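Novice: Just target.txt, nothing more (compact mmCIF, C-alpha atoms):
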```
# COMPACT_ATOMS: atom_id res chain seq x y z
CA MET Y 12 54.45 125.57 143.71
CA ALA Y 13 56.51 124.41 140.71
CA SER Y 14 55.40 127.42 138.66
CA SER Y 15 55.00 129.98 141.43
CA PRO Y 16 55.92 133.61 140.61
CA LEU Y 17 58.73 133.55 143.18
CA LEU Y 18 60.39 130.45 141.74
CA ASN Y 19 60.01 131.85 138.24
CA GLN Y 20 61.77 135.02 139.39
CA LEU Y 21 64.51 132.88 140.90
CA ARG Y 22 64.97 131.00 137.61
CA GLU Y 23 65.13 134.27 135.70
CA ALA Y 24 67.74 135.73 138.08
CA ILE Y 25 69.86 132.59 137.70
CA ARG Y 26 69.66 132.66 133.90
CA ILE Y 27 70.56 136.36 133.71
CA ARG Y 28 73.78 135.49 135.54
CA HIS Y 29 74.45 132.57 133.16
CA TYR Y 30 74.45 129.88 135.82
CA SER Y 31 74.19 126.32 134.54
CA ILE Y 32 70.89 124.50 134.32
CA ARG Y 33 72.13 122.08 136.98
CA THR Y 34 72.64 125.00 139.38
CA GLU Y 35 69.21 126.36 138.47
CA LYS Y 36 67.51 123.08 139.34
CA VAL Y 37 69.43 122.76 142.61
CA TYR Y 38 68.73 126.35 143.75
CA VAL Y 39 65.03 126.13 142.89
CA ASP Y 40 64.78 122.83 144.76
CA TRP Y 41 66.39 124.31 147.89
CA ALA Y 42 64.09 127.33 147.77
CA ARG Y 43 61.10 125.00 147.51
CA ARG Y 44 62.30 122.87 150.44
CA PHE Y 45 62.95 125.96 152.56
CA ILE Y 46 59.40 127.23 151.97
CA ARG Y 47 57.85 123.85 152.72
CA PHE Y 48 59.91 123.50 155.88
CA HIS Y 49 58.36 126.74 157.14
CA ARG Y 50 54.82 125.63 156.26
CA MET Y 51 54.55 127.54 152.99
CA LYS Y 52 55.40 130.96 154.41
CA HIS Y 53 56.67 133.40 151.79
CA PRO Y 54 60.42 134.12 152.17
CA ASN Y 55 59.59 137.84 152.20
CA SER Y 56 58.01 137.34 155.61
CA MET Y 57 61.05 135.46 156.90
CA GLY Y 58 64.72 136.27 157.32
CA ALA Y 59 67.96 135.23 158.98
CA PRO Y 60 66.37 133.40 161.98
CA GLU Y 61 64.35 131.14 159.66
CA VAL Y 62 67.35 130.47 157.44
CA VAL Y 63 69.44 129.59 160.51
CA GLN Y 64 66.69 127.27 161.71
CA PHE Y 65 66.53 125.50 158.35
CA LEU Y 66 70.30 125.10 158.04
CA THR Y 67 70.51 123.78 161.61
CA TRP Y 68 67.74 121.29 160.90
CA LEU Y 69 69.68 120.02 157.89
CA ALA Y 70 72.79 119.46 160.01
CA VAL Y 71 71.18 118.10 163.18
CA GLU Y 72 68.06 116.28 162.06
CA ARG Y 73 68.90 115.34 158.48
CA ASN Y 74 72.61 114.80 159.16
CA VAL Y 75 73.58 116.11 155.73
CA ALA Y 76 77.15 116.49 154.54
CA ALA Y 77 78.87 119.85 154.87
CA SER Y 78 78.83 120.28 151.08
CA THR Y 79 75.07 119.75 151.02
CA GLN Y 80 74.47 122.31 153.74
CA ASN Y 81 76.75 124.79 151.96
CA GLN Y 82 74.76 124.25 148.78
CA ALA Y 83 71.52 125.06 150.61
CA PHE Y 84 73.15 128.13 152.15
CA SER Y 85 74.29 129.40 148.73
CA ALA Y 86 70.84 128.86 147.23
CA LEU Y 87 69.05 130.78 149.99
CA LEU Y 88 71.64 133.55 149.98
CA PHE Y 89 71.09 133.93 146.23
CA LEU Y 90 67.30 133.94 146.67
CA TYR Y 91 67.33 136.69 149.28
CA ARG Y 92 70.07 138.80 147.72
CA HIS Y 93 69.22 138.66 144.01
CA VAL Y 94 65.49 137.99 143.97
CA LEU Y 95 64.11 139.58 147.14
CA GLY Y 96 66.79 142.26 147.49
CA ILE Y 97 67.37 141.41 151.15
CA GLU Y 98 70.72 140.99 152.89
CA LEU Y 99 70.33 138.25 155.47
CA GLY Y 100 73.08 139.49 157.76
CA ASP Y 101 74.54 137.30 160.49
CA LEU Y 102 73.92 133.56 159.99
CA SER Y 103 76.65 132.37 162.34
CA GLY Y 104 74.08 130.88 164.71
CA ALA Y 105 73.44 127.93 162.40
CA VAL Y 106 74.87 124.60 163.50
CA ARG Y 107 77.29 123.66 160.74
CA ALA Y 108 77.50 120.17 159.36
CA LYS Y 109 80.84 118.52 160.08
CA ARG Y 110 83.20 118.18 157.16
CA PRO Y 111 84.72 114.70 157.37
CA GLN Y 112 88.50 114.54 157.05
CA LEU Y 113 88.61 111.78 154.46
CA MET Y 114 91.63 110.77 152.44
CA PRO Y 115 90.70 110.29 148.78
CA THR Y 116 90.77 106.86 147.21
CA VAL Y 117 93.60 106.51 144.70
CA PHE Y 118 94.08 103.76 142.15
CA THR Y 119 97.48 102.19 141.71
CA GLU Y 120 98.82 102.38 138.14
CA ARG Y 121 97.98 98.71 137.76
CA GLU Y 122 94.41 99.35 138.91
CA VAL Y 123 94.03 102.19 136.43
CA MET Y 124 94.97 99.81 133.62
CA ASP Y 125 92.69 97.08 134.96
CA VAL Y 126 89.67 99.40 135.29
CA LEU Y 127 90.21 100.93 131.84
CA SER Y 128 90.51 97.44 130.33
CA HIS Y 129 86.87 96.82 131.29
CA ILE Y 130 85.53 99.98 129.61
CA GLN Y 131 84.78 100.14 125.91
CA GLY Y 132 84.33 102.72 123.14
CA GLN Y 133 83.54 106.33 123.93
CA HIS Y 134 83.38 105.64 127.65
CA TRP Y 135 86.97 104.35 127.55
CA LEU Y 136 88.16 107.59 125.96
CA MET Y 137 86.28 109.69 128.51
CA ALA Y 138 87.64 107.69 131.46
CA ALA Y 139 91.14 107.89 130.00
CA LEU Y 140 90.81 111.69 129.84
CA LEU Y 141 89.75 111.78 133.49
CA TYR Y 142 92.99 110.05 134.40
CA GLY Y 143 95.28 111.34 131.67
CA SER Y 144 94.33 115.03 132.06
CA GLY Y 145 92.92 115.15 135.60
CA LEU Y 146 89.50 116.31 134.41
CA ARG Y 147 86.41 116.44 136.56
CA LEU Y 148 83.44 114.45 135.26
CA MET Y 149 81.48 117.47 134.00
CA GLU Y 150 84.60 119.08 132.52
CA CYS Y 151 85.02 116.00 130.36
CA VAL Y 152 81.34 115.77 129.45
CA ARG Y 153 81.19 119.47 128.45
CA LEU Y 154 84.38 119.43 126.39
CA ARG Y 155 83.97 121.12 122.98
CA VAL Y 156 85.85 120.45 119.75
CA LYS Y 157 87.55 123.87 119.71
CA ASP Y 158 89.11 123.29 123.12
CA VAL Y 159 91.20 120.30 122.07
CA ASP Y 160 94.60 121.50 120.85
CA PHE Y 161 96.46 118.68 119.11
CA GLY Y 162 99.38 120.93 118.12
CA TYR Y 163 100.29 121.83 121.70
CA ARG Y 164 99.02 118.54 123.18
CA CYS Y 165 96.68 120.26 125.60
CA ILE Y 166 93.02 120.77 126.46
CA VAL Y 167 91.52 124.08 127.51
CA VAL Y 168 88.98 123.59 130.28
CA ARG Y 169 86.40 126.37 130.02
CA ASP Y 170 84.40 127.66 132.97
CA GLY Y 171 85.63 125.01 135.37
CA LYS Y 172 84.89 124.95 139.09
CA GLY Y 173 84.80 128.52 140.35
CA GLY Y 174 84.18 129.81 136.82
CA LYS Y 175 87.87 129.56 135.91
CA ASP Y 176 89.55 128.46 132.67
CA ARG Y 177 92.73 126.39 132.74
CA VAL Y 178 95.00 124.44 130.41
CA VAL Y 179 95.69 120.76 131.09
CA THR Y 180 97.95 118.22 129.43
CA LEU Y 181 96.78 115.85 126.69
CA ALA Y 182 98.37 112.41 126.67
CA ASP Y 183 99.98 111.39 123.37
CA LEU Y 184 98.25 108.04 123.70
CA LEU Y 185 94.85 109.70 123.32
CA VAL Y 186 95.57 111.92 120.31
CA GLN Y 187 94.59 109.45 117.61
CA ARG Y 188 91.50 108.31 119.50
CA LEU Y 189 90.40 111.92 120.01
CA ARG Y 190 90.91 112.67 116.33
CA LEU Y 191 88.67 109.73 115.43
CA GLN Y 192 86.08 110.87 117.99
CA ILE Y 193 86.00 114.36 116.48
CA ASP Y 194 85.64 112.82 113.00
CA ARG Y 195 82.61 110.98 114.37
CA VAL Y 196 81.24 114.25 115.79
CA ARG Y 197 81.72 115.85 112.37
CA LEU Y 198 79.56 113.17 110.71
CA ILE Y 199 76.85 113.46 113.36
CA HIS Y 200 76.86 117.23 113.02
CA GLN Y 201 76.63 117.10 109.23
CA GLN Y 202 73.61 114.83 109.47
CA ASP Y 203 71.98 117.10 112.03
CA VAL Y 204 72.45 120.07 109.70
CA LEU Y 205 70.93 118.12 106.80
CA ASP Y 206 67.96 117.32 109.07
CA GLY Y 207 67.45 121.02 109.78
CA TYR Y 208 69.13 121.12 113.17
CA GLY Y 209 72.83 121.26 114.05
CA ASN Y 210 72.93 124.16 116.51
CA VAL Y 211 74.31 123.68 120.00
CA TRP Y 212 73.81 125.60 123.24
CA LEU Y 213 76.32 128.41 123.73
CA PRO Y 214 77.25 129.89 127.12
CA HIS Y 215 77.01 133.49 128.32
CA ALA Y 216 74.77 134.88 125.57
CA LEU Y 217 77.36 134.09 122.88
CA GLU Y 218 74.50 132.95 120.65
CA ARG Y 219 73.31 136.53 120.33
CA LYS Y 220 76.81 137.91 119.86
CA TYR Y 221 77.86 135.26 117.32
CA PRO Y 222 74.61 134.02 115.74
CA ASN Y 223 76.34 131.52 113.42
CA ALA Y 224 78.71 130.01 116.00
CA SER Y 225 76.18 127.50 117.33
CA HIS Y 226 76.15 125.76 113.93
CA GLU Y 227 79.93 125.48 113.67
CA LEU Y 228 81.74 122.20 114.29
CA ALA Y 229 84.17 123.94 116.66
CA TRP Y 230 81.41 124.51 119.22
CA GLN Y 231 79.98 120.99 119.13
CA TYR Y 232 80.50 118.70 122.10
CA VAL Y 233 83.29 116.15 121.77
CA PHE Y 234 81.01 113.61 123.44
CA PRO Y 235 77.51 114.27 122.07
CA SER Y 236 74.32 112.60 123.16
CA VAL Y 237 73.09 109.74 120.99
CA GLN Y 238 69.91 111.67 120.25
CA ARG Y 239 68.67 115.24 120.11
CA SER Y 240 66.51 116.62 122.91
CA ILE Y 241 64.48 119.70 123.76
CA ASP Y 242 66.43 122.43 125.55
CA PRO Y 243 64.40 123.03 128.75
CA ARG Y 244 65.18 126.75 128.73
CA SER Y 245 64.71 127.72 125.09
CA GLY Y 246 62.44 124.92 123.90
CA ILE Y 247 64.79 124.38 120.92
CA GLU Y 248 65.59 120.86 119.79
CA ARG Y 249 69.35 120.38 120.00
CA ARG Y 250 72.02 117.74 120.46
CA HIS Y 251 73.38 118.12 123.98
CA HIS Y 252 76.39 116.40 125.50
CA VAL Y 253 76.23 112.82 126.69
CA ASP Y 254 74.49 112.13 130.00
CA PRO Y 255 77.25 111.95 132.69
CA SER Y 256 75.42 109.12 134.45
CA ARG Y 257 76.27 106.83 131.53
CA LEU Y 258 80.00 107.20 132.18
CA GLN Y 259 79.46 106.87 135.93
CA LYS Y 260 77.66 103.55 135.42
CA ALA Y 261 80.31 102.27 133.01
CA VAL Y 262 83.13 103.14 135.45
CA LYS Y 263 81.31 101.63 138.42
CA LEU Y 264 80.80 98.39 136.51
CA ALA Y 265 84.45 98.34 135.43
CA ILE Y 266 85.67 98.92 139.00
CA GLY Y 267 83.74 95.85 140.11
CA LYS Y 268 85.07 93.71 137.25
CA ALA Y 269 88.63 94.86 137.99
CA GLY Y 270 88.28 93.62 141.57
CA VAL Y 271 88.94 96.99 143.21
CA ASN Y 272 87.32 96.49 146.59
CA ARG Y 273 87.43 100.12 147.74
CA LYS Y 274 85.02 102.99 147.36
CA ALA Y 275 85.87 104.49 143.98
CA SER Y 276 84.22 106.44 141.19
CA CYS Y 277 84.97 108.61 138.15
CA HIS Y 278 86.57 111.16 140.47
CA THR Y 279 89.09 108.55 141.62
CA PHE Y 280 90.80 108.90 138.23
CA ARG Y 281 91.41 112.60 138.99
CA HIS Y 282 92.80 111.77 142.44
CA SER Y 283 95.04 109.17 140.82
CA PHE Y 284 96.25 111.65 138.18
CA ALA Y 285 97.41 114.06 140.88
CA THR Y 286 99.00 111.44 143.10
CA HIS Y 287 100.85 109.72 140.26
CA LEU Y 288 102.12 113.06 138.92
CA LEU Y 289 103.57 113.93 142.33
CA ALA Y 290 105.05 110.44 142.71
CA SER Y 291 106.82 110.87 139.36
CA GLY Y 292 108.50 114.06 140.60
CA ALA Y 293 106.14 116.80 139.37
CA ASP Y 294 106.21 120.07 141.29
CA ILE Y 295 103.18 120.60 143.53
CA ARG Y 296 102.51 124.01 141.94
CA THR Y 297 102.32 122.36 138.54
CA VAL Y 298 99.84 119.80 139.85
CA GLN Y 299 97.82 122.60 141.49
CA GLU Y 300 97.55 124.39 138.12
CA GLN Y 301 96.60 121.20 136.29
CA LEU Y 302 93.82 120.47 138.79
CA GLY Y 303 92.62 124.07 138.95
CA HIS Y 304 92.86 124.35 142.74
CA SER Y 305 92.72 127.93 144.00
CA ASP Y 306 94.32 126.92 147.32
CA ILE Y 307 97.47 124.81 147.34
CA ARG Y 308 96.35 123.24 150.62
CA THR Y 309 93.74 121.34 148.61
CA THR Y 310 96.51 119.89 146.43
CA GLN Y 311 98.69 119.03 149.43
CA ILE Y 312 96.36 116.22 150.46
CA TYR Y 313 97.99 114.15 147.71
CA THR Y 314 101.42 114.69 149.22
CA HIS Y 315 100.00 113.40 152.50
CA LEU Y 316 98.90 110.25 150.71
CA LEU Y 317 102.41 109.69 149.41
CA GLU Y 318 103.98 110.41 152.80
CA ARG Y 319 101.72 107.94 154.60
CA GLY Y 320 101.43 105.30 151.90
CA ALA Y 321 103.83 102.95 150.16
CA GLY Y 322 106.23 105.75 149.23
CA GLY Y 323 106.37 107.28 152.70
CA VAL Y 324 106.46 105.76 156.17
CA ILE Y 325 108.07 102.34 156.21
CA SER Y 326 106.55 99.82 158.59
CA PRO Y 327 108.91 98.62 161.35
CA LEU Y 328 107.81 95.09 160.48
CA ASN Y 329 109.84 95.41 157.27
CA ARG Y 330 113.03 95.62 159.32
CA LEU Y 331 112.58 92.37 161.19
CA LEU Y 332 115.21 89.83 160.20
CA VAL Y 333 113.43 86.71 161.44
CA MET Y 334 109.94 85.81 160.36
CA PRO Y 335 108.05 82.62 161.22
CA PRO Y 336 107.55 80.27 158.29
CA VAL Y 337 104.22 80.43 156.49
CA SER Y 338 102.05 77.58 157.66
CA HIS Y 339 99.50 76.02 155.34
CA GLU Y 340 97.93 73.97 158.15
CA ARG Y 341 94.60 74.88 159.63
CA SER Y 342 94.86 76.29 163.11
CA GLY Y 343 92.89 74.47 165.75
CA GLY Y 344 93.54 77.03 168.44
CA ASP Y 345 91.62 80.04 169.63
CA ASP Y 346 91.68 82.84 167.01
CA GLY Y 347 91.17 85.42 169.69
```
Take the structure in the file and write it out as structure tokens.
Specialist:
Amino acid sequence: MASSPLLNQLREAIRIRHYSIRTEKVYVDWARRFIRFHRMKHPNSMGAPEVVQFLTWLAVERNVAASTQNQAFSALLFLYRHVLGIELGDLSGAVRAKRPQLMPTVFTEREVMDVLSHIQGQHWLMAALLYGSGLRLMECVRLRVKDVDFGYRCIVVRDGKGGKDRVVTLADLLVQRLRLQIDRVRLIHQQDVLDGYGNVWLPHALERKYPNASHELAWQYVFPSVQRSIDPRSGIERRHHVDPSRLQKAVKLAIGKAGVNRKASCHTFRHSFATHLLASGADIRTVQEQLGHSDIRTTQIYTHLLERGAGGVISPLNRLLVMPPVSHERSGGDDG
């Protein structure tokens, strides 16, 4: 079924709309799973009831996260609307996966320094950008040379979440390191050109509009892959950006070495960026713009962290005047 006419049509519809290759793989996978769930019936012979049944199964039987179920919903909606030309109508009967109300993990400033101290080279610079500019993982990985503005100390994030562009701050501390990184990219690009390569993937059909742009340094990735690879869509050998999993592994290892015994990841740097900005007195609207949140309620979760954490509610225990002395003797009594 990997090369079925329907899935090929789905891929083509996705590419026409300039969706990323990651989205293409995810949508095709959900379409395949939906068809297999219904014992290989063609989606043309199914409709809203079957979609509701599949989404309910994901929530009830598979116990998937709300974001996973929403992803499946978006994929099937795209399949029916843009490939089959069918509007599914009312899907409210599906049991929705519960969205957990989780507070994000946030590093202290000391923890940020400790984690960064255990990361080296290019990965250090990438992790520092996650914290210093509040970038998402893929925003950092996809950063291009032309979008780093040293004059105005900012970075332009192109086609971020929701397809939006935004401008974020660039820490002075990172300017020299970024200049050196771009010098390194220049050398890699020059060698690629000498080897008969040197072109990079361009978004939204810009390659046809500006045929020479893909060979320009400005469009090269700031964090290129160590080797060229075959573009799965065009079949052209190119140098893509670095694999995001490499940074994820480096950060995970550093978190362990730093002794941070909480669930944390690359995204924790972004949470920490927002929380520390607010703690330093930044306006919540400014933080919202830096993060690229369309709804300020998403940004307000960081104010809740400050209100409930060390800078907010003060424990009544702090007001006690008399405390028992600290005993270094082993207790022989009942711990219960």
Novice: Using all atoms listed in the file, can you list as a VMD selection string the residues within 9 Å of (69.6, 133.6, 138.6)?
Specialist: chain Y and resid 20 to 30 35 38 89 to 90 93 to 94
Novice: With a cut-off of 12 Å, could you pull out the residues of stretch 87-121 of chain Y touching stretch 133-149 of chain Y and give me the nearest pair of atoms for each, distance in Å to one decimal, using all atoms listed in the file, ordered by chain and ascending number, as CSV?
Specialist:
```
residue,atom,partner,partner_atom,distance
Y:Val117,CA,Y:Tyr142,CA,10.9
Y:Phe118,CA,Y:Tyr142,CA,10.0
Y:Thr119,CA,Y:Tyr142,CA,11.6
Y:Glu120,CA,Y:Tyr142,CA,10.3
```
Novice: Counting only C-alpha atoms, which of Y:Ser15, Y:Gln311, Y:Ser305, Y:Ser276 gets nearest to Y:Val126?
Specialist: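 Counting only C-alpha atoms, the residue closest to Y:Val126 is Y:Ser276.
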Novice: Rank nothing, just name the residue among Y:Ala269, Y:Leu87, Y:Met51, Y:Ile193 nearest to Y:Phe65, using only C-alpha atoms.
Specialist: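 Using only C-alpha atoms, Y:Phe65 sits closest to Y:Leu87.
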Novice: For atom CA of Y:Glu122 and atom CA of Y:Lys263, determine how far apart the two atoms are, in Å to one decimal place.
Specialist: 13.3 Å
Novice: Atom CA of Y:Thr79 and atom CA of Y:Ile46, how far apart in Å?
Specialist: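 We find that atom CA of Y:Ile46 and atom CA of Y:Thr79 lie 17.4 Å from each other.
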Novice: Just how far from atom CA of Y:Asn223 is atom CA of Y:Ile247, in Å to one decimal?
Specialist: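 These atoms are spaced 15.5 Å apart.
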Novice: Counting only C-alpha atoms, find the residues whose atoms lie at most 9 Å from (76.9, 118.3, 113.8) (file coordinates) and write them out as JSON, numbers by chain.
Specialist: {"Y": [196, 197, 198, 199, 200, 201, 202, 203, 204, 208, 209, 210, 211, 226, 227, 228, 231, 250]}
Novice: How would the residues just picked look written out with C-alpha atoms as a compact mmCIF listing (two decimals), keeping the file's coordinate frame?
Specialist:
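As written to disk, result.txt reads:
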```
# COMPACT_ATOMS: atom_id res chain seq x y z
CA VAL Y 196 81.24 114.25 115.79
CA ARG Y 197 81.72 115.85 112.37
CA LEU Y 198 79.56 113.17 110.71
CA ILE Y 199 76.85 113.46 113.36
CA HIS Y 200 76.86 117.23 113.02
CA GLN Y 201 76.63 117.10 109.23
CA GLN Y 202 73.61 114.83 109.47
CA ASP Y 203 71.98 117.10 112.03
CA VAL Y 204 72.45 120.07 109.70
CA TYR Y 208 69.13 121.12 113.17
CA GLY Y 209 72.83 121.26 114.05
CA ASN Y 210 72.93 124.16 116.51
CA VAL Y 211 74.31 123.68 120.00
CA HIS Y 226 76.15 125.76 113.93
CA GLU Y 227 79.93 125.48 113.67
CA LEU Y 228 81.74 122.20 114.29
CA GLN Y 231 79.98 120.99 119.13
CA ARG Y 250 72.02 117.74 120.46
```
Novice: So, counting only C-alpha atoms, which residue among Y:Asp158, Y:Leu127, Y:Asp242, Y:Leu99 is closest to Y:Phe280?
Specialist: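 Looking at the shortest contact to Y:Phe280, the residue is Y:Leu127.
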Novice: So that I can see what lies close to Y:Pro54, please list as a list in words the residues with an atom at most 10 Å from it, counting all atoms listed in the file and leaving out residues fewer than 4 positions away in the same chain.
Specialist: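 Once the adjacent positions are removed, what remains is Leu17, Ala42, Phe45, Ile46, His49, Gly58, Glu61, Val62, Leu87, Leu90, Tyr91 and Leu95 of chain Y.
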Novice: Check the smallest atom-to-atom distance from each of Y:His215, Y:Arg281, Y:Thr34, Y:Leu302 to Y:Gly171 using all atoms listed in the file, then report the winner.
Specialist: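 Of the candidates, the smallest distance to Y:Gly171 is held by Y:Leu302.
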Novice: Kindly list the centre and edge lengths in Å, rounded to one decimal, for the axis-aligned box that covers all listed atoms of stretch 305-311 of chain Y plus 6 Å on each of its six sides, as lines of an AutoDock Vina configuration file.
Specialist:
```
center_x = 95.7
center_y = 123.5
center_z = 147.3
size_x = 18.0
size_y = 20.9
size_z = 18.6
```
